[in-house]
>>> print(open('run.csv').read())   # CSV, N, CA and C atoms
chain,number,residue,atom,x,y,z
A,1,ALA,N,0.8,-1.2,0.0
A,1,ALA,CA,0.0,0.0,0.0
A,1,ALA,C,0.9,1.3,0.0
A,2,GLY,N,2.0,1.2,0.6
A,2,GLY,CA,2.9,2.4,0.7
A,2,GLY,C,3.3,2.9,-0.6
A,3,LYS,N,3.8,2.0,-1.5
A,3,LYS,CA,4.2,2.4,-2.9
A,3,LYS,C,3.0,3.0,-3.7
A,4,LEU,N,1.9,2.4,-3.5
A,4,LEU,CA,0.7,2.9,-4.2
A,4,LEU,C,0.3,4.3,-3.7
A,5,GLU,N,0.3,4.5,-2.4
A,5,GLU,CA,0.0,5.8,-1.9
A,5,GLU,C,1.0,6.8,-2.3
A,6,THR,N,2.3,6.5,-2.3
A,6,THR,CA,3.4,7.4,-2.7
A,6,THR,C,3.2,7.8,-4.2
A,7,GLY,N,2.9,6.8,-5.1
A,7,GLY,CA,2.7,7.1,-6.5
A,7,GLY,C,1.4,8.0,-6.7
A,8,PHE,N,0.4,7.7,-5.9
A,8,PHE,CA,-0.9,8.5,-6.0
A,8,PHE,C,-0.6,9.9,-5.6
A,9,CYS,N,0.1,10.1,-4.5
A,9,CYS,CA,0.4,11.4,-4.0
A,9,CYS,C,1.3,12.2,-5.0
A,10,HIS,N,2.2,11.5,-5.6
A,10,HIS,CA,3.0,12.1,-6.6
A,10,HIS,C,2.2,12.6,-7.8
A,11,GLU,N,1.3,11.7,-8.2
A,11,GLU,CA,0.4,12.1,-9.3
A,11,GLU,C,-0.5,13.3,-9.0
A,12,LEU,N,-1.0,13.3,-7.7
A,12,LEU,CA,-1.8,14.5,-7.3
A,12,LEU,C,-1.0,15.8,-7.3
A,13,ARG,N,0.2,15.7,-6.8
A,13,ARG,CA,1.1,16.9,-6.8
A,13,ARG,C,1.4,17.3,-8.2
A,14,GLU,N,1.6,16.4,-9.1
A,14,GLU,CA,1.9,16.8,-10.5
A,14,GLU,C,0.6,17.4,-11.2
A,15,LEU,N,-0.5,16.9,-10.9
A,15,LEU,CA,-1.8,17.4,-11.4
A,15,LEU,C,-2.0,18.9,-10.8
A,16,ALA,N,-1.7,19.1,-9.6
A,16,ALA,CA,-1.8,20.4,-9.0
A,16,ALA,C,-0.8,21.4,-9.6
A,17,ARG,N,0.4,20.9,-10.0
A,17,ARG,CA,1.4,21.7,-10.6
A,17,ARG,C,0.9,22.2,-12.0
A,18,ILE,N,0.3,21.2,-12.7
A,18,ILE,CA,-0.2,21.5,-14.1
A,18,ILE,C,-1.3,22.5,-14.0
A,19,MET,N,-2.2,22.3,-13.1
A,19,MET,CA,-3.4,23.2,-12.9
A,19,MET,C,-2.9,24.6,-12.6
A,20,ALA,N,-1.9,24.7,-11.7
A,20,ALA,CA,-1.4,26.0,-11.3
A,20,ALA,C,-0.8,26.7,-12.5
A,21,MET,N,-0.1,26.0,-13.3
A,21,MET,CA,0.5,26.6,-14.5
A,21,MET,C,-0.5,27.0,-15.6
A,22,THR,N,-1.6,26.2,-15.6
A,22,THR,CA,-2.7,26.6,-16.5
A,22,THR,C,-3.4,27.9,-16.0
A,23,ASP,N,-3.5,28.0,-14.7
A,23,ASP,CA,-4.1,29.2,-14.2
A,23,ASP,C,-3.2,30.4,-14.5
A,24,VAL,N,-1.9,30.2,-14.4
A,24,VAL,CA,-0.9,31.2,-14.7
A,24,VAL,C,-1.1,31.7,-16.2
A,25,GLU,N,-1.2,30.8,-17.1
A,25,GLU,CA,-1.4,31.2,-18.5
A,25,GLU,C,-2.7,31.9,-18.7
A,26,ALA,N,-3.7,31.5,-18.0
A,26,ALA,CA,-5.1,32.1,-18.1
A,26,ALA,C,-5.0,33.5,-17.6
A,27,GLU,N,-4.3,33.8,-16.5
A,27,GLU,CA,-4.1,35.1,-16.0
A,27,GLU,C,-3.3,36.0,-16.9
A,28,LEU,N,-2.3,35.5,-17.5
A,28,LEU,CA,-1.5,36.2,-18.5
A,28,LEU,C,-2.3,36.6,-19.7
A,29,ALA,N,-3.2,35.7,-20.1
A,29,ALA,CA,-4.1,36.0,-21.3
A,29,ALA,C,-5.1,37.1,-20.9
A,30,GLN,N,-5.6,37.0,-19.7
A,30,GLN,CA,-6.5,38.1,-19.2
A,30,GLN,C,-5.8,39.4,-19.1
A,31,ALA,N,-4.5,39.4,-18.7
A,31,ALA,CA,-3.7,40.6,-18.6
A,31,ALA,C,-3.6,41.3,-20.0
A,32,LYS,N,-3.3,40.4,-20.9
A,32,LYS,CA,-3.1,41.0,-22.3
A,32,LYS,C,-4.4,41.5,-22.8
A,33,LYS,N,-5.5,40.8,-22.6
A,33,LYS,CA,-6.8,41.3,-23.0
A,33,LYS,C,-7.2,42.6,-22.4
A,34,ALA,N,-6.9,42.7,-21.1
A,34,ALA,CA,-7.2,44.0,-20.4
A,34,ALA,C,-6.4,45.1,-20.9
A,35,ARG,N,-5.2,44.9,-21.2
A,35,ARG,CA,-4.3,45.9,-21.8
A,35,ARG,C,-4.9,46.3,-23.2
A,36,ARG,N,-5.2,45.3,-24.0
A,36,ARG,CA,-5.8,45.7,-25.4
A,36,ARG,C,-7.0,46.5,-25.2
A,37,GLU,N,-7.8,46.3,-24.2
A,37,GLU,CA,-9.0,47.1,-23.9
A,37,GLU,C,-8.8,48.4,-23.2
A,38,GLY,N,-7.5,48.7,-23.0
A,38,GLY,CA,-7.2,50.0,-22.4
A,38,GLY,C,-7.3,50.0,-20.9
A,39,ASN,N,-7.4,48.9,-20.3
A,39,ASN,CA,-7.5,48.8,-18.8
A,39,ASN,C,-6.1,48.4,-18.2
A,40,ALA,N,-5.2,49.3,-18.1
A,40,ALA,CA,-3.9,49.0,-17.6
A,40,ALA,C,-3.9,48.5,-16.2
A,41,GLY,N,-4.8,49.1,-15.3
A,41,GLY,CA,-4.9,48.6,-13.9
A,41,GLY,C,-5.3,47.2,-13.8
A,42,GLN,N,-6.2,46.7,-14.6
A,42,GLN,CA,-6.7,45.3,-14.6
A,42,GLN,C,-5.5,44.4,-15.1
A,43,ALA,N,-4.8,44.9,-16.2
A,43,ALA,CA,-3.7,44.2,-16.7
A,43,ALA,C,-2.7,43.9,-15.6
A,44,ARG,N,-2.4,44.9,-14.9
A,44,ARG,CA,-1.4,44.8,-13.8
A,44,ARG,C,-1.9,43.8,-12.7
A,45,VAL,N,-3.1,43.9,-12.4
A,45,VAL,CA,-3.7,43.0,-11.4
A,45,VAL,C,-3.6,41.5,-11.9
A,46,CYS,N,-3.9,41.3,-13.1
A,46,CYS,CA,-3.8,39.9,-13.7
A,46,CYS,C,-2.4,39.5,-13.7
A,47,ALA,N,-1.5,40.4,-14.1
A,47,ALA,CA,0.0,40.0,-14.2
A,47,ALA,C,0.5,39.6,-12.8
A,48,ARG,N,0.0,40.4,-11.8
A,48,ARG,CA,0.4,40.0,-10.4
A,48,ARG,C,-0.1,38.6,-10.0
A,49,ARG,N,-1.4,38.4,-10.3
A,49,ARG,CA,-2.0,37.1,-10.0
A,49,ARG,C,-1.2,35.9,-10.7
A,50,ALA,N,-0.9,36.1,-11.9
A,50,ALA,CA,-0.1,35.1,-12.7
A,50,ALA,C,1.2,34.8,-12.0
A,51,ALA,N,1.9,35.9,-11.7
A,51,ALA,CA,3.2,35.8,-11.0
A,51,ALA,C,3.1,35.1,-9.6
A,52,GLY,N,2.1,35.5,-8.9
A,52,GLY,CA,1.8,35.0,-7.6
A,52,GLY,C,1.6,33.5,-7.6
A,53,ARG,N,0.8,33.0,-8.6
A,53,ARG,CA,0.5,31.6,-8.7
A,53,ARG,C,1.8,30.8,-9.0
A,54,ALA,N,2.6,31.4,-9.9
A,54,ALA,CA,3.9,30.7,-10.3
A,54,ALA,C,4.8,30.7,-9.1
A,55,ILE,N,4.9,31.8,-8.4
A,55,ILE,CA,5.8,31.8,-7.2
A,55,ILE,C,5.3,30.8,-6.2
A,56,ARG,N,4.0,30.7,-5.9
A,56,ARG,CA,3.5,29.7,-4.9
A,56,ARG,C,3.9,28.3,-5.3
A,57,GLU,N,3.8,28.0,-6.6
A,57,GLU,CA,4.2,26.7,-7.1
A,57,GLU,C,5.7,26.5,-7.0
A,58,PHE,N,6.5,27.5,-7.2
A,58,PHE,CA,8.0,27.5,-7.1
A,58,PHE,C,8.4,27.1,-5.7
A,59,TYR,N,7.8,27.8,-4.7
A,59,TYR,CA,8.2,27.6,-3.3
A,59,TYR,C,7.6,26.2,-2.8
A,60,ARG,N,6.4,25.8,-3.3
A,60,ARG,CA,5.9,24.5,-2.9
A,60,ARG,C,6.8,23.4,-3.4
A,61,LYS,N,7.3,23.5,-4.6
A,61,LYS,CA,8.2,22.5,-5.2
A,61,LYS,C,9.5,22.5,-4.4
A,62,ARG,N,10.0,23.7,-4.1
A,62,ARG,CA,11.3,23.8,-3.4
A,62,ARG,C,11.3,23.5,-1.9
A,63,GLU,N,10.2,23.9,-1.3
A,63,GLU,CA,10.1,23.8,0.2
A,63,GLU,C,9.0,22.9,0.7
A,64,GLY,N,8.1,22.5,-0.1
A,64,GLY,CA,6.9,21.8,0.3
A,64,GLY,C,5.7,22.7,0.6
A,65,ALA,N,4.6,22.1,0.9
A,65,ALA,CA,3.4,22.8,1.1
A,65,ALA,C,3.5,23.5,2.5
A,66,GLY,N,2.6,24.4,2.7
A,66,GLY,CA,2.5,25.0,4.0
A,66,GLY,C,2.6,26.6,4.0
A,67,TRP,N,3.0,27.2,2.9
A,67,TRP,CA,3.1,28.6,2.9
A,67,TRP,C,2.1,29.1,1.9
A,68,GLY,N,1.3,30.0,2.3
A,68,GLY,CA,0.2,30.6,1.4
A,68,GLY,C,0.4,32.1,1.3
A,69,GLY,N,-0.7,32.7,1.1
A,69,GLY,CA,-0.7,34.1,0.9
A,69,GLY,C,-1.2,34.5,-0.5
A,70,ASP,N,-1.7,35.7,-0.6
A,70,ASP,CA,-2.2,36.2,-1.9
A,70,ASP,C,-1.0,36.6,-2.8
A,71,ALA,N,-1.3,37.1,-4.0
A,71,ALA,CA,-0.2,37.4,-5.0
A,71,ALA,C,0.8,38.4,-4.4
A,72,MET,N,0.3,39.4,-3.7
A,72,MET,CA,1.2,40.4,-3.2
A,72,MET,C,2.2,39.8,-2.2
A,73,LYS,N,1.7,39.0,-1.3
A,73,LYS,CA,2.5,38.3,-0.4
A,73,LYS,C,3.6,37.4,-1.1
A,74,GLN,N,3.1,36.7,-2.1
A,74,GLN,CA,4.0,35.9,-2.9
A,74,GLN,C,5.1,36.7,-3.5
A,75,LEU,N,4.7,37.8,-4.1
A,75,LEU,CA,5.7,38.7,-4.8
A,75,LEU,C,6.6,39.3,-3.8
A,76,GLN,N,6.2,39.7,-2.6
A,76,GLN,CA,7.0,40.3,-1.6
A,76,GLN,C,8.0,39.2,-1.1
A,77,ARG,N,7.6,38.0,-1.0
A,77,ARG,CA,8.5,36.9,-0.5
A,77,ARG,C,9.6,36.7,-1.6
A,78,LEU,N,9.2,36.7,-2.8
A,78,LEU,CA,10.2,36.5,-3.9
A,78,LEU,C,11.2,37.7,-3.9
A,79,ARG,N,10.6,38.9,-3.8
A,79,ARG,CA,11.4,40.1,-3.9
A,79,ARG,C,12.5,40.2,-2.8
A,80,ASP,N,12.1,39.6,-1.6
A,80,ASP,CA,13.0,39.7,-0.4
A,80,ASP,C,13.9,38.5,-0.3
A,81,ASP,N,13.8,37.5,-1.2
A,81,ASP,CA,14.6,36.3,-1.1
A,81,ASP,C,15.9,36.5,-1.8
A,82,ALA,N,17.0,36.6,-1.0
A,82,ALA,CA,18.3,36.8,-1.5
A,82,ALA,C,18.9,35.7,-2.4
A,83,SER,N,18.3,34.5,-2.4
A,83,SER,CA,18.7,33.4,-3.2
A,83,SER,C,18.2,33.5,-4.7
A,84,ILE,N,17.3,34.5,-4.9
A,84,ILE,CA,16.7,34.6,-6.2
A,84,ILE,C,17.5,35.6,-7.1
A,85,PRO,N,17.7,35.3,-8.4
A,85,PRO,CA,18.4,36.3,-9.2
A,85,PRO,C,17.9,37.7,-9.2
A,86,GLU,N,18.8,38.6,-9.2
A,86,GLU,CA,18.4,40.1,-9.1
A,86,GLU,C,17.4,40.5,-10.1
A,87,ALA,N,17.5,40.1,-11.3
A,87,ALA,CA,16.5,40.5,-12.4
A,87,ALA,C,15.1,40.1,-12.0
A,88,VAL,N,15.0,38.9,-11.4
A,88,VAL,CA,13.7,38.3,-11.0
A,88,VAL,C,13.2,39.1,-9.8
A,89,ARG,N,14.0,39.4,-8.9
A,89,ARG,CA,13.7,40.2,-7.7
A,89,ARG,C,13.2,41.6,-8.1
A,90,ARG,N,13.9,42.2,-9.0
A,90,ARG,CA,13.5,43.5,-9.5
A,90,ARG,C,12.1,43.5,-10.2
A,91,ALA,N,11.8,42.4,-10.9
A,91,ALA,CA,10.5,42.3,-11.6
A,91,ALA,C,9.4,42.2,-10.5
A,92,ALA,N,9.7,41.4,-9.4
A,92,ALA,CA,8.8,41.3,-8.3
A,92,ALA,C,8.6,42.7,-7.6
A,93,GLU,N,9.7,43.4,-7.4
A,93,GLU,CA,9.6,44.7,-6.8
A,93,GLU,C,8.7,45.7,-7.6
A,94,ARG,N,8.9,45.7,-8.9
A,94,ARG,CA,8.1,46.5,-9.7
A,94,ARG,C,6.6,46.2,-9.6
A,95,LEU,N,6.3,44.9,-9.6
A,95,LEU,CA,4.9,44.4,-9.5
A,95,LEU,C,4.3,44.7,-8.1
A,96,THR,N,5.1,44.9,-7.1
A,96,THR,CA,4.6,45.3,-5.8
A,96,THR,C,4.5,46.8,-5.6
A,97,THR,N,5.1,47.6,-6.5
A,97,THR,CA,5.1,49.0,-6.4
A,97,THR,C,3.7,49.6,-6.6
A,98,LYS,N,3.3,50.5,-5.7
A,98,LYS,CA,1.9,51.1,-5.8
A,98,LYS,C,2.0,52.3,-6.7
A,99,VAL,N,0.9,52.5,-7.4
A,99,VAL,CA,0.8,53.7,-8.3
A,99,VAL,C,0.7,55.0,-7.4
A,100,ASP,N,1.0,56.1,-8.0
A,100,ASP,CA,1.0,57.4,-7.2
A,100,ASP,C,-0.5,57.9,-7.4
A,101,PHE,N,-0.7,59.1,-6.9
A,101,PHE,CA,-2.0,59.8,-6.9
A,101,PHE,C,-2.5,60.0,-8.3
A,102,GLU,N,-1.7,60.1,-9.3
A,102,GLU,CA,-2.1,60.2,-10.7
A,102,GLU,C,-2.2,58.9,-11.4
A,103,HIS,N,-2.1,57.8,-10.6
A,103,HIS,CA,-2.2,56.4,-11.2
A,103,HIS,C,-1.0,56.1,-12.1
A,104,LYS,N,0.2,56.6,-11.8
A,104,LYS,CA,1.4,56.4,-12.5
A,104,LYS,C,2.4,55.7,-11.7
A,105,LEU,N,3.3,55.0,-12.4
A,105,LEU,CA,4.4,54.2,-11.8
A,105,LEU,C,5.7,54.9,-12.1
A,106,PRO,N,6.7,54.8,-11.2
A,106,PRO,CA,8.0,55.4,-11.4
A,106,PRO,C,8.9,54.7,-12.4
A,107,PHE,N,8.4,53.9,-13.2
A,107,PHE,CA,9.2,53.2,-14.2
A,107,PHE,C,8.3,52.8,-15.4
A,108,ASP,N,9.0,52.4,-16.5
A,108,ASP,CA,8.2,52.2,-17.8
A,108,ASP,C,8.1,50.7,-18.1
A,109,GLU,N,8.7,49.8,-17.3
A,109,GLU,CA,8.6,48.4,-17.6
A,109,GLU,C,7.2,47.9,-17.7
A,110,ASP,N,7.0,46.9,-18.5
A,110,ASP,CA,5.7,46.3,-18.7
A,110,ASP,C,5.4,45.3,-17.6
A,111,PRO,N,4.3,45.4,-16.9
A,111,PRO,CA,4.0,44.4,-15.8
A,111,PRO,C,3.8,43.0,-16.4
A,112,ILE,N,3.3,42.9,-17.6
A,112,ILE,CA,3.1,41.5,-18.1
A,112,ILE,C,4.4,40.9,-18.4
A,113,GLU,N,5.4,41.7,-18.9
A,113,GLU,CA,6.7,41.1,-19.1
A,113,GLU,C,7.4,40.8,-17.8
A,114,ASP,N,7.2,41.6,-16.8
A,114,ASP,CA,7.7,41.3,-15.4
A,114,ASP,C,7.1,40.0,-14.9
A,115,ALA,N,5.8,39.8,-15.1
A,115,ALA,CA,5.2,38.6,-14.7
A,115,ALA,C,5.8,37.4,-15.5
A,116,ARG,N,6.0,37.6,-16.8
A,116,ARG,CA,6.6,36.5,-17.6
A,116,ARG,C,8.0,36.2,-17.1
A,117,THR,N,8.8,37.2,-16.8
A,117,THR,CA,10.1,36.9,-16.2
A,117,THR,C,10.0,36.0,-15.0
A,118,ILE,N,9.1,36.3,-14.1
A,118,ILE,CA,9.0,35.6,-12.9
A,118,ILE,C,8.5,34.2,-13.2
A,119,VAL,N,7.5,34.0,-14.1
A,119,VAL,CA,6.9,32.7,-14.4
A,119,VAL,C,8.0,31.9,-15.1
A,120,GLU,N,8.8,32.4,-16.0
A,120,GLU,CA,9.8,31.6,-16.6
A,120,GLU,C,10.9,31.2,-15.6
A,121,PHE,N,11.2,32.0,-14.6
A,121,PHE,CA,12.2,31.6,-13.6
A,121,PHE,C,11.6,30.5,-12.7
A,122,ALA,N,10.3,30.7,-12.4
A,122,ALA,CA,9.7,29.7,-11.5
A,122,ALA,C,9.5,28.3,-12.1
A,123,ARG,N,9.4,28.3,-13.5
A,123,ARG,CA,9.2,27.0,-14.2
A,123,ARG,C,10.5,26.3,-14.5
A,124,ALA,N,11.6,27.1,-14.4
A,124,ALA,CA,13.0,26.5,-14.7
A,124,ALA,C,13.4,25.4,-13.8
>>> encode(input="run.csv", output="structure tokens")
Amino acid sequence: AGKLETGFCHELRELARIMAMTDVEAELAQAKKARREGNAGQARVCARRAAGRAIREFYRKREGAGWGGDAMKQLQRLRDDASIPEAVRRAAERLTTKVDFEHKLPFDEDPIEDARTIVEFARA
């Protein structure tokens, strides 16, 4: 029974990983759609959610289950993790930066590209 349980648990974990990555792609598609429709704020929200889901899966794979949190918490965790490459941490930092009173950001980088940078790192 032990080997059967272990194999079943492995299959469930793999299914969860695939579903998480499917959710990531769906969020990125929503981000692109929102941008095409002129809704930059919604595009940024979707980009954050995509990155957050990829980050959650990255840490689950690396450290096991047990750490949760919304997309912002996931991005903050990645941003503050010194073991993560600087370019990925900067992308996370930009995605956690709040807009100013005029709804502007202090940089020109594309939030969807920042999310893609994080997703690609998390999948490697």
>>> closest_residue(input="run.csv", among="A:Ala31, A:Ile112, A:Ile118, A:Ala54", to="Glu86 of chain A", atoms="only C-alpha atoms")
A:Ile118
>>> atom_distance(input="run.csv", atom1="atom CA of Gly69 of chain A", atom2="atom C of Phe107 of chain A")
26.4 Å
>>> closest_residue(input="run.csv", among="A:Cys46, A:Leu28, A:Glu102, A:Thr117", to="Ala87 of chain A", atoms="all atoms listed in the file")
A:Thr117
>>> closest_residue(input="run.csv", among="A:Ala91, A:Ala26, A:Ala82, A:Ala50", to="Asp70 of chain A", atoms="only C-alpha atoms")
A:Ala50
>>> atom_distance(input="run.csv", atom1="atom C of Ala115 of chain A", atom2="atom CA of Ala43 of chain A")
11.7 Å
>>> atom_distance(input="run.csv", atom1="atom CA of Glu93 of chain A", atom2="atom C of Glu57 of chain A")
18.6 Å
>>> select_by_dssp(input="run.csv", residues="chain A", states="helix (DSSP H, G or I)", output="number ranges by chain")
A: 2-36, 40-63, 71-80, 86-96, 111-123
>>> decode(input="run.csv", residues="segment 85-101 of chain A", atoms="N, CA and C atoms", output="short mmCIF file (atom, residue, chain, number, x, y, z; two decimals), in the first residue's frame")
data_model
loop_
_atom_site.label_atom_id
_atom_site.label_comp_id
_atom_site.auth_asym_id
_atom_site.auth_seq_id
_atom_site.Cartn_x
_atom_site.Cartn_y
_atom_site.Cartn_z
N PRO A 85 17.66 35.34 -8.36
CA PRO A 85 18.44 36.26 -9.22
C PRO A 85 17.89 37.69 -9.16
N GLU A 86 18.80 38.63 -9.24
CA GLU A 86 18.45 40.05 -9.11
C GLU A 86 17.38 40.51 -10.10
N ALA A 87 17.47 40.09 -11.35
CA ALA A 87 16.50 40.52 -12.37
C ALA A 87 15.09 40.06 -12.00
N VAL A 88 14.97 38.89 -11.44
CA VAL A 88 13.67 38.35 -11.04
C VAL A 88 13.16 39.11 -9.82
N ARG A 89 14.05 39.39 -8.89
CA ARG A 89 13.66 40.16 -7.70
C ARG A 89 13.22 41.58 -8.08
N ARG A 90 13.89 42.19 -9.05
CA ARG A 90 13.49 43.53 -9.51
C ARG A 90 12.12 43.50 -10.16
N ALA A 91 11.84 42.44 -10.94
CA ALA A 91 10.52 42.31 -11.55
C ALA A 91 9.44 42.21 -10.47
N ALA A 92 9.73 41.44 -9.42
CA ALA A 92 8.78 41.32 -8.30
C ALA A 92 8.62 42.66 -7.59
N GLU A 93 9.71 43.39 -7.45
CA GLU A 93 9.63 44.70 -6.80
C GLU A 93 8.74 45.65 -7.60
N ARG A 94 8.90 45.66 -8.91
CA ARG A 94 8.06 46.54 -9.73
C ARG A 94 6.59 46.16 -9.62
N LEU A 95 6.31 44.86 -9.59
CA LEU A 95 4.91 44.42 -9.49
C LEU A 95 4.30 44.73 -8.12
N THR A 96 5.13 44.95 -7.11
CA THR A 96 4.59 45.30 -5.78
C THR A 96 4.55 46.80 -5.55
N THR A 97 5.10 47.58 -6.49
CA THR A 97 5.09 49.04 -6.35
C THR A 97 3.69 49.58 -6.59
N LYS A 98 3.26 50.47 -5.71
CA LYS A 98 1.93 51.07 -5.83
C LYS A 98 1.98 52.29 -6.74
N VAL A 99 0.88 52.52 -7.42
CA VAL A 99 0.78 53.70 -8.27
C VAL A 99 0.69 54.95 -7.40
N ASP A 100 1.05 56.11 -7.98
CA ASP A 100 0.95 57.37 -7.24
C ASP A 100 -0.47 57.93 -7.36
N PHE A 101 -0.66 59.15 -6.87
CA PHE A 101 -1.99 59.76 -6.88
C PHE A 101 -2.55 59.97 -8.28
#
